[in-house]
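**Q** query-v9.cif is the file, holding mmCIF, C-alpha atoms and all ligand atoms:
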```
data_run
#
loop_
_atom_site.label_atom_id
_atom_site.label_comp_id
_atom_site.auth_asym_id
_atom_site.auth_seq_id
_atom_site.Cartn_x
_atom_site.Cartn_y
_atom_site.Cartn_z
CA MET A 12 0.00 0.00 0.00
CA LYS A 13 0.94 3.66 -0.32
CA ILE A 14 0.93 5.01 3.20
CA LEU A 15 1.26 8.51 4.62
CA LEU A 16 2.94 8.76 8.02
CA THR A 17 2.13 12.00 9.80
CA GLY A 18 4.89 12.57 12.35
CA GLY A 19 6.93 10.02 10.42
CA ALA A 20 10.26 11.62 11.35
CA GLY A 21 9.61 11.09 15.09
CA TYR A 22 10.64 8.31 17.43
CA ILE A 23 7.84 5.82 16.79
CA GLY A 24 7.06 6.96 13.23
CA SER A 25 10.63 6.31 12.06
CA HIS A 26 10.57 2.76 13.44
CA VAL A 27 7.19 2.11 11.82
CA ALA A 28 8.58 3.49 8.55
CA ALA A 29 11.37 0.91 8.67
CA ALA A 30 8.92 -1.91 9.48
CA LEU A 31 6.50 -0.94 6.69
CA MET A 32 9.31 -0.76 4.15
CA SER A 33 10.49 -4.24 5.01
CA SER A 34 6.90 -5.46 4.57
CA GLY A 35 6.88 -4.09 1.04
CA HIS A 36 4.79 -0.94 1.55
CA GLU A 37 5.53 2.43 -0.05
CA ILE A 38 5.58 5.38 2.28
CA VAL A 39 5.76 9.14 2.49
CA CYS A 40 6.43 11.03 5.71
CA PHE A 41 4.74 14.32 6.59
CA ASP A 42 6.22 16.19 9.54
CA ASN A 43 6.70 19.79 10.67
CA LEU A 44 9.95 18.74 12.40
CA SER A 45 8.86 20.43 15.65
CA ASN A 46 10.25 17.47 17.62
CA SER A 47 12.53 15.76 15.10
CA ASP A 48 15.02 16.60 12.40
CA ALA A 49 15.26 15.75 8.73
CA THR A 50 18.55 13.82 9.09
CA VAL A 51 16.53 10.86 10.36
CA MET A 52 15.53 10.30 6.72
CA ASP A 53 19.19 9.69 5.76
CA ARG A 54 19.50 7.11 8.52
CA LEU A 55 16.22 5.49 7.43
CA GLU A 56 17.65 5.31 3.92
CA ALA A 57 20.74 3.56 5.29
CA ILE A 58 18.47 1.03 7.04
CA THR A 59 15.99 0.41 4.23
CA ASP A 60 18.18 1.06 1.14
CA THR A 61 15.44 3.33 -0.15
CA ALA A 62 15.05 7.10 -0.13
CA ILE A 63 11.78 7.80 1.68
CA PRO A 64 10.18 11.13 0.77
CA LEU A 65 9.69 13.63 3.60
CA VAL A 66 7.22 16.46 3.05
CA LYS A 67 7.76 19.25 5.55
CA GLY A 68 4.33 20.44 6.62
CA ASP A 69 1.89 20.85 9.45
CA ILE A 70 -1.21 18.71 9.99
CA ARG A 71 -3.17 21.89 10.69
CA ASP A 72 -2.64 22.85 7.04
CA GLY A 73 -5.44 21.09 5.13
CA ASP A 74 -4.26 22.22 1.68
CA ALA A 75 -0.79 20.80 2.27
CA LEU A 76 -2.35 17.51 3.40
CA ARG A 77 -4.68 17.32 0.38
CA GLN A 78 -1.74 17.97 -1.91
CA VAL A 79 0.37 15.18 -0.48
CA LEU A 80 -2.57 12.73 -0.34
CA ASN A 81 -3.28 13.34 -4.04
CA GLU A 82 0.30 13.64 -5.29
CA TYR A 83 1.39 10.35 -3.72
CA ALA A 84 -1.93 8.54 -4.36
CA VAL A 85 -2.06 7.69 -0.65
CA GLU A 86 -4.29 4.74 0.32
CA ALA A 87 -3.89 4.78 4.12
CA VAL A 88 -2.64 7.12 6.83
CA ILE A 89 -0.82 6.31 10.06
CA HIS A 90 -1.20 9.32 12.32
CA PHE A 91 1.65 9.86 14.81
CA ALA A 92 1.93 13.66 14.63
CA GLY A 93 1.21 15.18 18.00
CA LEU A 94 2.66 16.79 21.09
CA LYS A 95 3.16 14.38 23.98
CA ALA A 96 4.68 16.06 27.06
CA VAL A 97 2.22 15.78 29.95
CA GLY A 98 3.70 18.63 32.03
CA GLU A 99 3.81 20.99 29.06
CA SER A 100 0.17 20.14 28.26
CA VAL A 101 -0.84 21.29 31.75
CA ALA A 102 1.06 24.57 31.32
CA GLU A 103 -0.01 25.18 27.69
CA PRO A 104 -3.33 23.42 27.10
CA ILE A 105 -4.34 25.56 24.12
CA LYS A 106 -1.19 24.52 22.28
CA TYR A 107 -2.12 20.86 22.85
CA TYR A 108 -5.78 21.16 21.82
CA ASP A 109 -4.72 23.15 18.76
CA ASN A 110 -1.95 20.82 17.64
CA ASN A 111 -3.44 17.46 18.54
CA VAL A 112 -7.22 17.94 18.28
CA ARG A 113 -7.43 20.61 15.55
CA GLY A 114 -4.57 18.90 13.73
CA THR A 115 -6.42 15.58 13.70
CA LEU A 116 -9.70 17.21 12.65
CA THR A 117 -7.90 18.89 9.73
CA LEU A 118 -6.36 15.55 8.77
CA LEU A 119 -9.78 13.83 8.84
CA GLU A 120 -11.26 16.56 6.62
CA ALA A 121 -8.41 16.21 4.14
CA MET A 122 -8.74 12.42 4.11
CA ARG A 123 -12.50 12.65 3.53
CA ASP A 124 -11.99 15.18 0.73
CA CYS A 125 -9.46 12.90 -0.98
CA GLY A 126 -11.45 9.69 -0.42
CA VAL A 127 -8.81 8.13 1.86
CA LYS A 128 -10.65 6.34 4.66
CA THR A 129 -8.10 4.00 6.19
CA LEU A 130 -6.43 5.35 9.33
CA VAL A 131 -4.27 4.04 12.16
CA PHE A 132 -4.08 6.37 15.16
CA SER A 133 -1.43 6.58 17.93
CA SER A 134 -3.35 6.62 21.18
CA SER A 135 -2.00 5.91 24.64
CA ALA A 136 -2.64 3.85 27.75
CA THR A 137 -3.09 7.25 29.41
CA VAL A 138 -6.76 7.06 28.26
CA TYR A 139 -7.39 4.43 30.97
CA GLY A 140 -6.74 7.01 33.73
CA GLU A 141 -6.31 5.54 37.20
CA PRO A 142 -6.55 1.73 36.70
CA GLN A 143 -9.66 0.20 38.28
CA TYR A 144 -8.30 -3.29 37.63
CA LEU A 145 -5.20 -4.85 36.09
CA PRO A 146 -4.24 -5.91 33.50
CA LEU A 147 -5.94 -3.17 31.49
CA ASP A 148 -8.08 -4.53 28.67
CA GLU A 149 -9.68 -2.44 25.94
CA ASN A 150 -13.04 -2.42 27.76
CA HIS A 151 -11.60 -0.70 30.83
CA PRO A 152 -13.39 2.67 31.35
CA THR A 153 -11.55 5.67 29.92
CA SER A 154 -10.78 9.00 31.56
CA ALA A 155 -7.99 11.53 31.57
CA THR A 156 -6.12 13.45 34.23
CA ASN A 157 -4.32 16.03 32.10
CA PRO A 158 -4.81 17.94 28.82
CA TYR A 159 -2.51 15.61 26.85
CA GLY A 160 -4.63 12.63 27.89
CA ARG A 161 -7.81 14.56 27.10
CA THR A 162 -6.59 15.25 23.55
CA LYS A 163 -6.14 11.50 23.05
CA LEU A 164 -9.61 10.80 24.45
CA MET A 165 -11.24 13.52 22.34
CA ILE A 166 -9.56 12.19 19.21
CA GLU A 167 -10.69 8.63 20.01
CA GLN A 168 -14.26 9.97 20.35
CA MET A 169 -14.01 11.88 17.06
CA LEU A 170 -12.82 8.72 15.32
CA ALA A 171 -15.66 6.67 16.79
CA ASP A 172 -18.19 9.22 15.50
CA VAL A 173 -16.62 9.33 12.04
CA ALA A 174 -16.57 5.52 11.82
CA ALA A 175 -20.19 5.31 13.01
CA ALA A 176 -21.39 7.86 10.45
CA ASP A 177 -19.66 6.33 7.44
CA PRO A 178 -19.10 2.55 7.44
CA GLU A 179 -16.54 2.84 4.64
CA TRP A 180 -13.94 4.07 7.14
CA ARG A 181 -11.43 1.57 8.50
CA VAL A 182 -9.95 3.03 11.68
CA ALA A 183 -7.54 1.41 14.13
CA ILE A 184 -6.94 3.00 17.52
CA LEU A 185 -3.67 1.70 18.97
CA ARG A 186 -3.19 2.31 22.69
CA TYR A 187 0.54 2.22 23.33
CA PHE A 188 1.88 1.33 26.75
CA ASN A 189 5.51 2.46 27.35
CA PRO A 190 7.56 2.31 24.13
CA VAL A 191 11.33 2.10 24.76
CA GLY A 192 14.46 0.90 22.98
CA ALA A 193 15.74 1.48 19.49
CA HIS A 194 16.29 -0.13 16.10
CA ASP A 195 18.99 -2.83 16.00
CA SER A 196 21.11 -0.65 13.71
CA GLY A 197 21.37 2.00 16.44
CA LEU A 198 20.65 4.59 13.74
CA ILE A 199 17.17 5.58 14.93
CA GLY A 200 15.90 5.85 18.50
CA GLU A 201 14.53 8.25 21.08
CA ASN A 202 16.40 11.51 21.45
CA PRO A 203 14.16 14.04 23.22
CA ASN A 204 15.00 17.73 23.28
CA GLY A 205 16.08 19.02 26.69
CA ILE A 206 15.86 16.97 29.86
CA PRO A 207 13.87 13.77 29.23
CA ASN A 208 10.53 13.33 31.02
CA ASN A 209 10.42 9.59 30.44
CA LEU A 210 12.38 6.98 32.33
CA MET A 211 14.37 5.15 29.66
CA PRO A 212 15.90 8.17 27.90
CA PHE A 213 16.74 9.60 31.32
CA ILE A 214 18.54 6.37 32.31
CA SER A 215 20.47 6.37 29.00
CA ARG A 216 21.67 9.91 29.57
CA VAL A 217 22.77 9.17 33.13
CA ALA A 218 24.70 6.15 31.80
CA ALA A 219 26.33 8.40 29.18
CA GLY A 220 27.32 10.94 31.84
CA ARG A 221 25.11 13.61 30.26
CA LEU A 222 23.01 13.73 33.46
CA ASP A 223 24.34 13.16 37.00
CA GLU A 224 21.76 10.88 38.56
CA LEU A 225 18.29 9.46 38.15
CA SER A 226 15.52 10.56 40.51
CA VAL A 227 13.30 7.59 41.28
CA PHE A 228 9.86 9.14 41.71
CA GLY A 229 8.44 7.42 44.80
CA SER A 230 9.40 4.25 46.66
CA ASP A 231 6.23 3.82 48.71
CA TYR A 232 3.81 2.61 46.06
CA ASP A 233 1.86 -0.57 46.58
CA THR A 234 4.18 -2.56 44.28
CA PRO A 235 6.73 -5.33 45.03
CA ASP A 236 9.65 -2.91 45.55
CA GLY A 237 7.64 0.29 46.16
CA THR A 238 8.56 1.93 42.82
CA GLY A 239 6.16 2.47 39.90
CA VAL A 240 5.40 -0.47 37.62
CA ARG A 241 4.88 -0.04 33.85
CA ASP A 242 4.50 -2.15 30.72
CA TYR A 243 7.62 -1.33 28.68
CA ILE A 244 7.42 -2.44 25.07
CA HIS A 245 10.30 -2.56 22.58
CA VAL A 246 9.66 0.03 19.88
CA VAL A 247 10.47 -2.54 17.15
CA ASP A 248 7.71 -4.82 18.49
CA LEU A 249 5.43 -1.80 18.63
CA ALA A 250 6.28 -1.01 15.01
CA ASP A 251 5.44 -4.57 13.93
CA GLY A 252 2.09 -4.13 15.71
CA HIS A 253 1.30 -1.25 13.33
CA VAL A 254 2.00 -3.38 10.27
CA ALA A 255 -0.30 -6.08 11.68
CA ALA A 256 -3.04 -3.55 12.55
CA LEU A 257 -2.95 -1.98 9.10
CA ASP A 258 -3.17 -5.39 7.51
CA ALA A 259 -6.11 -6.32 9.77
CA ILE A 260 -8.19 -3.22 9.04
CA THR A 261 -7.81 -3.64 5.31
CA ARG A 262 -9.46 -7.08 5.68
CA THR A 263 -12.11 -6.44 8.34
CA ASP A 264 -15.70 -5.31 7.79
CA GLN A 265 -15.61 -3.35 11.06
CA ALA A 266 -15.22 0.44 10.74
CA LEU A 267 -13.51 0.91 14.12
CA SER A 268 -11.10 -1.32 16.02
CA THR A 269 -9.15 -0.65 19.21
CA TRP A 270 -6.08 -2.58 20.32
CA ASN A 271 -3.65 -2.31 23.23
CA LEU A 272 -0.02 -2.56 22.20
CA GLY A 273 1.84 -3.78 25.29
CA THR A 274 3.54 -6.91 26.58
CA GLY A 275 1.35 -7.71 29.58
CA GLN A 276 4.45 -7.72 31.77
CA GLY A 277 5.08 -5.00 34.36
CA TYR A 278 8.54 -3.87 35.50
CA SER A 279 9.38 -1.43 38.29
CA VAL A 280 11.69 1.56 38.02
CA LEU A 281 14.35 -0.34 39.97
CA ASP A 282 13.90 -3.40 37.70
CA MET A 283 14.70 -1.11 34.76
CA VAL A 284 17.78 0.34 36.43
CA GLU A 285 19.04 -3.13 37.43
CA ALA A 286 18.56 -4.53 33.91
CA PHE A 287 20.23 -1.54 32.24
CA VAL A 288 23.27 -1.79 34.54
CA ARG A 289 23.52 -5.57 34.15
CA VAL A 290 23.27 -5.84 30.36
CA ASN A 291 25.31 -2.76 29.51
CA GLY A 292 27.95 -2.80 32.27
CA VAL A 293 27.37 0.87 33.12
CA ARG A 294 26.72 2.81 36.34
CA ILE A 295 23.35 4.46 36.99
CA PRO A 296 23.57 6.54 40.17
CA TYR A 297 20.06 7.17 41.52
CA ARG A 298 18.30 8.57 44.54
CA ILE A 299 14.78 8.15 45.81
CA ALA A 300 12.74 11.32 45.24
CA PRO A 301 9.12 12.28 46.02
CA ARG A 302 6.32 10.87 43.89
CA ARG A 303 5.61 12.70 40.62
CA ASP A 304 2.15 14.30 40.40
CA GLY A 305 -0.29 12.29 38.31
CA ASP A 306 1.68 9.01 38.43
CA VAL A 307 -0.12 5.75 39.18
CA ALA A 308 1.41 2.80 41.06
CA SER A 309 1.01 0.19 38.32
CA CYS A 310 -0.10 0.15 34.72
CA PHE A 311 0.14 -2.83 32.40
CA ALA A 312 -1.80 -4.20 29.47
CA SER A 313 -3.79 -7.20 28.61
CA PRO A 314 -2.34 -7.76 25.12
CA GLU A 315 -4.75 -10.63 24.43
CA ARG A 316 -7.04 -8.92 21.95
CA ALA A 317 -4.12 -7.89 19.74
CA GLU A 318 -2.69 -11.39 19.94
CA ARG A 319 -6.01 -12.97 19.03
CA GLU A 320 -7.13 -10.55 16.32
CA LEU A 321 -3.82 -9.37 14.85
CA GLY A 322 -1.72 -12.49 15.34
CA TRP A 323 0.83 -10.12 16.87
CA LYS A 324 2.70 -10.48 20.13
CA ALA A 325 5.69 -8.59 21.52
CA SER A 326 8.74 -10.84 21.52
CA ARG A 327 11.67 -8.68 22.63
CA ASP A 328 12.57 -8.82 26.34
CA LEU A 329 13.77 -6.24 28.81
CA ASP A 330 17.44 -7.00 28.09
CA ALA A 331 16.89 -6.28 24.39
CA MET A 332 15.20 -2.99 25.28
CA CYS A 333 18.13 -1.92 27.48
CA LEU A 334 20.82 -3.07 25.02
CA SER A 335 19.28 -1.28 22.07
CA SER A 336 18.69 1.95 24.04
CA TRP A 337 22.33 2.06 25.07
CA ASN A 338 23.56 1.14 21.57
CA PHE A 339 21.57 4.08 20.17
CA GLU A 340 22.84 6.47 22.86
CA ARG A 341 26.48 5.54 22.19
CA LEU A 342 26.17 5.89 18.42
CA LEU A 343 24.44 9.23 18.94
CA ALA A 344 27.37 10.43 21.06
CA MET A 345 29.77 9.33 18.30
CA ARG A 346 27.74 11.12 15.62
CA ASN A 347 27.58 14.27 17.74
CA ALA A 348 31.33 14.16 18.29
CA ASP A 349 31.99 14.10 14.50
P1 LIG B 1 7.76 12.25 18.61
O1 LIG B 1 7.66 13.62 19.17
O2 LIG B 1 9.12 11.63 18.50
O3 LIG B 1 7.09 12.19 17.18
C1 LIG B 1 5.99 13.00 16.82
C2 LIG B 1 6.33 13.66 15.49
O4 LIG B 1 5.22 14.48 15.09
C3 LIG B 1 7.56 14.56 15.57
O5 LIG B 1 8.44 14.23 14.52
C4 LIG B 1 6.98 15.97 15.40
O6 LIG B 1 7.89 16.84 14.74
C5 LIG B 1 5.72 15.70 14.60
N1 LIG B 1 4.65 16.70 14.78
C6 LIG B 1 4.14 17.19 15.95
N2 LIG B 1 3.16 18.08 15.69
C7 LIG B 1 3.02 18.14 14.33
C8 LIG B 1 2.19 18.87 13.46
N3 LIG B 1 1.30 19.77 13.93
N4 LIG B 1 2.32 18.69 12.14
C9 LIG B 1 3.24 17.82 11.63
N5 LIG B 1 4.06 17.10 12.41
C10 LIG B 1 3.96 17.27 13.75
O7 LIG B 1 6.79 11.31 19.47
P2 LIG B 1 6.61 9.74 19.44
O8 LIG B 1 7.10 9.21 20.74
O9 LIG B 1 7.13 9.19 18.18
O10 LIG B 1 5.03 9.66 19.49
C11 LIG B 1 4.25 9.49 18.32
C12 LIG B 1 2.77 9.46 18.72
O11 LIG B 1 2.57 8.40 19.64
C13 LIG B 1 2.28 10.72 19.41
O12 LIG B 1 0.98 11.01 18.95
C14 LIG B 1 2.26 10.36 20.87
O13 LIG B 1 1.30 11.08 21.60
C15 LIG B 1 1.90 8.88 20.80
N6 LIG B 1 2.35 8.13 21.98
C16 LIG B 1 3.68 8.10 22.30
C17 LIG B 1 4.10 7.42 23.43
C18 LIG B 1 5.57 7.38 23.83
O14 LIG B 1 5.89 6.96 24.95
N7 LIG B 1 6.50 7.77 22.98
C19 LIG B 1 3.17 6.74 24.23
C20 LIG B 1 1.82 6.77 23.87
C21 LIG B 1 1.42 7.47 22.72
C1 LIG B 2 4.22 9.06 30.77
C2 LIG B 2 2.99 9.92 30.77
C3 LIG B 2 1.96 9.31 29.85
C4 LIG B 2 2.53 9.13 28.45
C5 LIG B 2 3.80 8.29 28.56
C6 LIG B 2 4.49 8.14 27.24
C7 LIG B 2 2.92 11.07 32.94
C8 LIG B 2 2.22 11.16 34.26
N1 LIG B 2 2.48 10.08 32.12
O1 LIG B 2 3.87 7.75 31.24
O2 LIG B 2 0.81 10.12 29.78
O3 LIG B 2 1.60 8.47 27.60
O4 LIG B 2 4.71 8.92 29.47
O5 LIG B 2 4.99 9.37 26.78
O6 LIG B 2 3.80 11.84 32.64
N2 LIG B 2 10.25 7.75 36.51
C9 LIG B 2 11.22 7.99 37.48
N3 LIG B 2 12.17 8.93 37.20
C10 LIG B 2 12.21 9.64 36.01
C11 LIG B 2 11.20 9.36 35.03
C12 LIG B 2 10.24 8.42 35.32
O7 LIG B 2 11.23 7.39 38.54
O8 LIG B 2 13.09 10.50 35.83
C13 LIG B 2 9.24 6.70 36.79
C14 LIG B 2 7.81 7.21 36.80
O9 LIG B 2 7.43 7.66 38.06
C15 LIG B 2 7.05 5.93 36.34
C16 LIG B 2 8.04 5.23 35.41
O10 LIG B 2 9.33 5.75 35.75
O11 LIG B 2 6.82 5.10 37.46
C17 LIG B 2 7.78 5.47 33.94
O12 LIG B 2 7.69 6.89 33.72
P1 LIG B 2 7.57 7.51 32.25
O13 LIG B 2 8.62 6.93 31.38
O14 LIG B 2 7.52 9.00 32.38
O15 LIG B 2 6.17 6.94 31.71
P2 LIG B 2 4.70 7.04 32.34
O16 LIG B 2 4.66 7.86 33.56
O17 LIG B 2 4.17 5.65 32.42
#
```
What is this structure when it is put down as structure tokens?
**A**
Amino acid sequence: MKILLTGGAGYIGSHVAAALMSSGHEIVCFDNLSNSDATVMDRLEAITDTAIPLVKGDIRDGDALRQVLNEYAVEAVIHFAGLKAVGESVAEPIKYYDNNVRGTLTLLEAMRDCGVKTLVFSSSATVYGEPQYLPLDENHPTSATNPYGRTKLMIEQMLADVAAADPEWRVAILRYFNPVGAHDSGLIGENPNGIPNNLMPFISRVAAGRLDELSVFGSDYDTPDGTGVRDYIHVVDLADGHVAALDAITRTDQALSTWNLGTGQGYSVLDMVEAFVRVNGVRIPYRIAPRRDGDVASCFASPERAERELGWKASRDLDAMCLSSWNFERLLAMRNAD
């Protein structure tokens, strides 16, 4: 298929681009580069042996979207473009509603205008709010505790309405748990601007000596070692889940499908630190710090629906996640030194 990846130059989009290429799809990336840079396309070319077109543009620009949909005869869209920092969304909610909600609405209009009705959307486990039971399955009630989460919920609701109104749409909502790790090549991975909010990039930077120590946010949760438990999923497994979801919605007669992409396995913050130190032979100084506002004790998926309906299951373990994160971080340091 010919597939448009909004936000295709970002962390998850670039890994999905590589996975789609190796499954024989043709792709075009559309990104305003607000949280990525165009050099990722050169590294994707090194991985895939193919030059992937990148159109620099904003999803709030309907004309630019219509042009790329028509010019590349796009048949399906995978929609990653969005802002994702929870703290920033609390401080600047208008920016988040504008970028994520208005951006998605503009994309849906452009797709409708161009007759493209196949869409895979990047949602998040954040839509489950405070877990009422674990593991979280797709029927768990949804809620949000911050503007970022509310943008994901609003978009999910918009997609449900669109799919209900026109049965020709084929929409997949993918609820990601905690994507970590990097491509085996070490050429693409997660490289956030500024100080990372998320655990794995923070650990990598402490290991590299770019940050002094990790703050472990809370050690008095109701978990085996008192630190927060999450469902970390290797980004390459996550990427394969997109290929499987796209394949499934092109064959189903259902207009809307929702799948968790997680492993079903929870690890604590200290489990992550221990694994990273063990497999990479590095030091991660850390100290216990107060809980972070808005954090829950435990969050992990039931991946059963995806396994049953997509024939997809995450296969890479925690060691592979830690090895690939560190491999990416070291190659990044070498590239930056050049
Ligand atoms: P990312 O920031 O690396 O990638 C997002 C890309 O979208 C960036 O390249 C950015 O430049 C682009 N973008 C942002 N706003 C845009 C706009 N208005 N127009 C065009 N391009 C725009 O983030 P990611 O980690 O790859 O996340 C991708 C998607 O997955 C996001 O929607 C995010 O909310 C969702 N998600 C991510 C995680 C995670 O832990 N990384 C978890 C759950 C959901
Ligand atoms: C966070 C977001 C969530 C978003 C997801 C992916 C919050 C409250 N939630 O999820 O909405 O979908 O990222 O972008 O921000 N931790 C530390 N020290 C650190 C960083 C994290 O101890 O420096 C701990 C956290 O308390 C948590 C775990 O590590 O227990 C994972 O944190 P993080 O990587 O930020 O992911 P989430 O909080 O699950």
**Q** Please provide the set of residues having any atom within 12 Å of Gly322 of chain A, restricted to only C-alpha atoms, with same-chain residues fewer than 2 positions apart removed, written as a tab-separated table (two decimals) with C-alpha atoms, in the coordinates of the input.
**A**
```tsv
chain	number	residue	atom	x	y	z
A	251	ASP	CA	5.44	-4.57	13.93
A	252	GLY	CA	2.09	-4.13	15.71
A	253	HIS	CA	1.30	-1.25	13.33
A	254	VAL	CA	2.00	-3.38	10.27
A	255	ALA	CA	-0.30	-6.08	11.68
A	256	ALA	CA	-3.04	-3.55	12.55
A	258	ASP	CA	-3.17	-5.39	7.51
A	259	ALA	CA	-6.11	-6.32	9.77
A	270	TRP	CA	-6.08	-2.58	20.32
A	314	PRO	CA	-2.34	-7.76	25.12
A	315	GLU	CA	-4.75	-10.63	24.43
A	316	ARG	CA	-7.04	-8.92	21.95
A	317	ALA	CA	-4.12	-7.89	19.74
A	318	GLU	CA	-2.69	-11.39	19.94
A	319	ARG	CA	-6.01	-12.97	19.03
A	320	GLU	CA	-7.13	-10.55	16.32
A	324	LYS	CA	2.70	-10.48	20.13
A	325	ALA	CA	5.69	-8.59	21.52
```
**Q** For segment 166-169 of chain A, list every protein, DNA or RNA residue within 8 Å, evaluated using all atoms listed in the file, and leave out those in the same chain fewer than 3 positions away; present the list as a ChimeraX atom specification.
**A** /A:112,115,134,162-163,172-173,184
**Q** Generate a file of the selected residues that holds C-alpha atoms, formatted as a PDB file, keeping the file's coordinate frame.
**A**
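After the write, result.pdb holds the following:
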```pdb
ATOM      1  CA  VAL A 112      -7.220  17.940  18.280  1.00  0.00           C
ATOM      2  CA  THR A 115      -6.420  15.580  13.700  1.00  0.00           C
ATOM      3  CA  SER A 134      -3.350   6.620  21.180  1.00  0.00           C
ATOM      4  CA  THR A 162      -6.590  15.250  23.550  1.00  0.00           C
ATOM      5  CA  LYS A 163      -6.140  11.500  23.050  1.00  0.00           C
ATOM      6  CA  ASP A 172     -18.190   9.220  15.500  1.00  0.00           C
ATOM      7  CA  VAL A 173     -16.620   9.330  12.040  1.00  0.00           C
ATOM      8  CA  ILE A 184      -6.940   3.000  17.520  1.00  0.00           C
TER       9      ILE A 184
END
```
**Q** Would you name the residues within 7 Å of ligand LIG 2 (chain B), counting all atoms listed in the file, and put them as a compact mmCIF listing (two decimals) with C-alpha atoms, in the coordinates of the input?
**A**
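Result written to selection-v6.txt:
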```txt
# COMPACT_ATOMS: atom_id res chain seq x y z
CA LYS A 95 3.16 14.38 23.98
CA ALA A 96 4.68 16.06 27.06
CA VAL A 97 2.22 15.78 29.95
CA GLY A 98 3.70 18.63 32.03
CA SER A 135 -2.00 5.91 24.64
CA ALA A 136 -2.64 3.85 27.75
CA THR A 137 -3.09 7.25 29.41
CA GLY A 160 -4.63 12.63 27.89
CA ASN A 189 5.51 2.46 27.35
CA ASN A 208 10.53 13.33 31.02
CA ASN A 209 10.42 9.59 30.44
CA LEU A 210 12.38 6.98 32.33
CA MET A 211 14.37 5.15 29.66
CA PHE A 213 16.74 9.60 31.32
CA LEU A 225 18.29 9.46 38.15
CA SER A 226 15.52 10.56 40.51
CA VAL A 227 13.30 7.59 41.28
CA PHE A 228 9.86 9.14 41.71
CA GLY A 229 8.44 7.42 44.80
CA THR A 238 8.56 1.93 42.82
CA GLY A 239 6.16 2.47 39.90
CA VAL A 240 5.40 -0.47 37.62
CA ARG A 241 4.88 -0.04 33.85
CA VAL A 280 11.69 1.56 38.02
CA ARG A 302 6.32 10.87 43.89
CA ARG A 303 5.61 12.70 40.62
CA ASP A 304 2.15 14.30 40.40
CA GLY A 305 -0.29 12.29 38.31
CA ASP A 306 1.68 9.01 38.43
CA ALA A 308 1.41 2.80 41.06
```
**Q** Around ligand LIG 1 (chain B), out to 6 Å and counting only C-alpha atoms and all ligand atoms, which residues are there? I want them as an mmCIF file with C-alpha atoms, in the frame of the given file.
**A**
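In the end it all went to result.cif:
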```
data_model
loop_
_atom_site.group_PDB
_atom_site.id
_atom_site.type_symbol
_atom_site.label_atom_id
_atom_site.label_comp_id
_atom_site.auth_asym_id
_atom_site.auth_seq_id
_atom_site.Cartn_x
_atom_site.Cartn_y
_atom_site.Cartn_z
ATOM 1 C CA GLY A 18 4.890 12.570 12.350
ATOM 2 C CA ALA A 20 10.260 11.620 11.350
ATOM 3 C CA GLY A 21 9.610 11.090 15.090
ATOM 4 C CA TYR A 22 10.640 8.310 17.430
ATOM 5 C CA ILE A 23 7.840 5.820 16.790
ATOM 6 C CA GLY A 24 7.060 6.960 13.230
ATOM 7 C CA ASP A 42 6.220 16.190 9.540
ATOM 8 C CA ASN A 43 6.700 19.790 10.670
ATOM 9 C CA LEU A 44 9.950 18.740 12.400
ATOM 10 C CA SER A 45 8.860 20.430 15.650
ATOM 11 C CA ASN A 46 10.250 17.470 17.620
ATOM 12 C CA SER A 47 12.530 15.760 15.100
ATOM 13 C CA GLY A 68 4.330 20.440 6.620
ATOM 14 C CA ASP A 69 1.890 20.850 9.450
ATOM 15 C CA ILE A 70 -1.210 18.710 9.990
ATOM 16 C CA ARG A 71 -3.170 21.890 10.690
ATOM 17 C CA PHE A 91 1.650 9.860 14.810
ATOM 18 C CA ALA A 92 1.930 13.660 14.630
ATOM 19 C CA GLY A 93 1.210 15.180 18.000
ATOM 20 C CA LEU A 94 2.660 16.790 21.090
ATOM 21 C CA LYS A 95 3.160 14.380 23.980
ATOM 22 C CA ASN A 110 -1.950 20.820 17.640
ATOM 23 C CA GLY A 114 -4.570 18.900 13.730
ATOM 24 C CA SER A 133 -1.430 6.580 17.930
ATOM 25 C CA SER A 134 -3.350 6.620 21.180
ATOM 26 C CA SER A 135 -2.000 5.910 24.640
ATOM 27 C CA TYR A 187 0.540 2.220 23.330
ATOM 28 C CA ASN A 189 5.510 2.460 27.350
ATOM 29 C CA PRO A 190 7.560 2.310 24.130
#
```
**Q** To one decimal place in Å, what is the distance between atom CA of Val288 of chain A and atom CA of Trp337 of chain A?
**A**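 Atom-to-atom, atom CA of Val288 of chain A and atom CA of Trp337 of chain A are spaced 10.3 Å apart.
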**Q** Please indicate the distance in Å from atom CA of Ile295 of chain A to atom CA of Asp236 of chain A, rounded to one decimal place.
**A**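 Taking atom CA of Ile295 of chain A as the start and atom CA of Asp236 of chain A as the end point, the length is 17.8 Å.
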**Q** Neighbouring residues of Cys125 of chain A were defined as those with any atom within 8 Å, considering all atoms listed in the file; residues of the same chain fewer than 6 positions away were excluded. Please report them as a list of chain:residue names.
**A**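 Result of the neighbour search: A:Arg77, A:Leu80, A:Asn81.
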**Q** Find the residue from A:Pro158, A:Gly292, A:Gly200, A:Gly126 that sits nearest to Glu99 of chain A; use all atoms listed in the file when measuring.
**A**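 Counting all atoms listed in the file, the residue closest to Glu99 of chain A is A:Pro158.
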**Q** From (-7.6, 1.7, 37.1), in the file's coordinates, out to 10 Å: which residues are reached, counting only C-alpha atoms? Answer as a VMD selection string.
**A** chain A and resid 139 to 147 151 to 154 307 to 310
**Q** Just how far from atom CA of Met283 of chain A is atom CA of Gly192 of chain A, in Å to one decimal?
**A**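 Taking atom CA of Gly192 of chain A as the start and atom CA of Met283 of chain A as the end point, the length is 12.0 Å.
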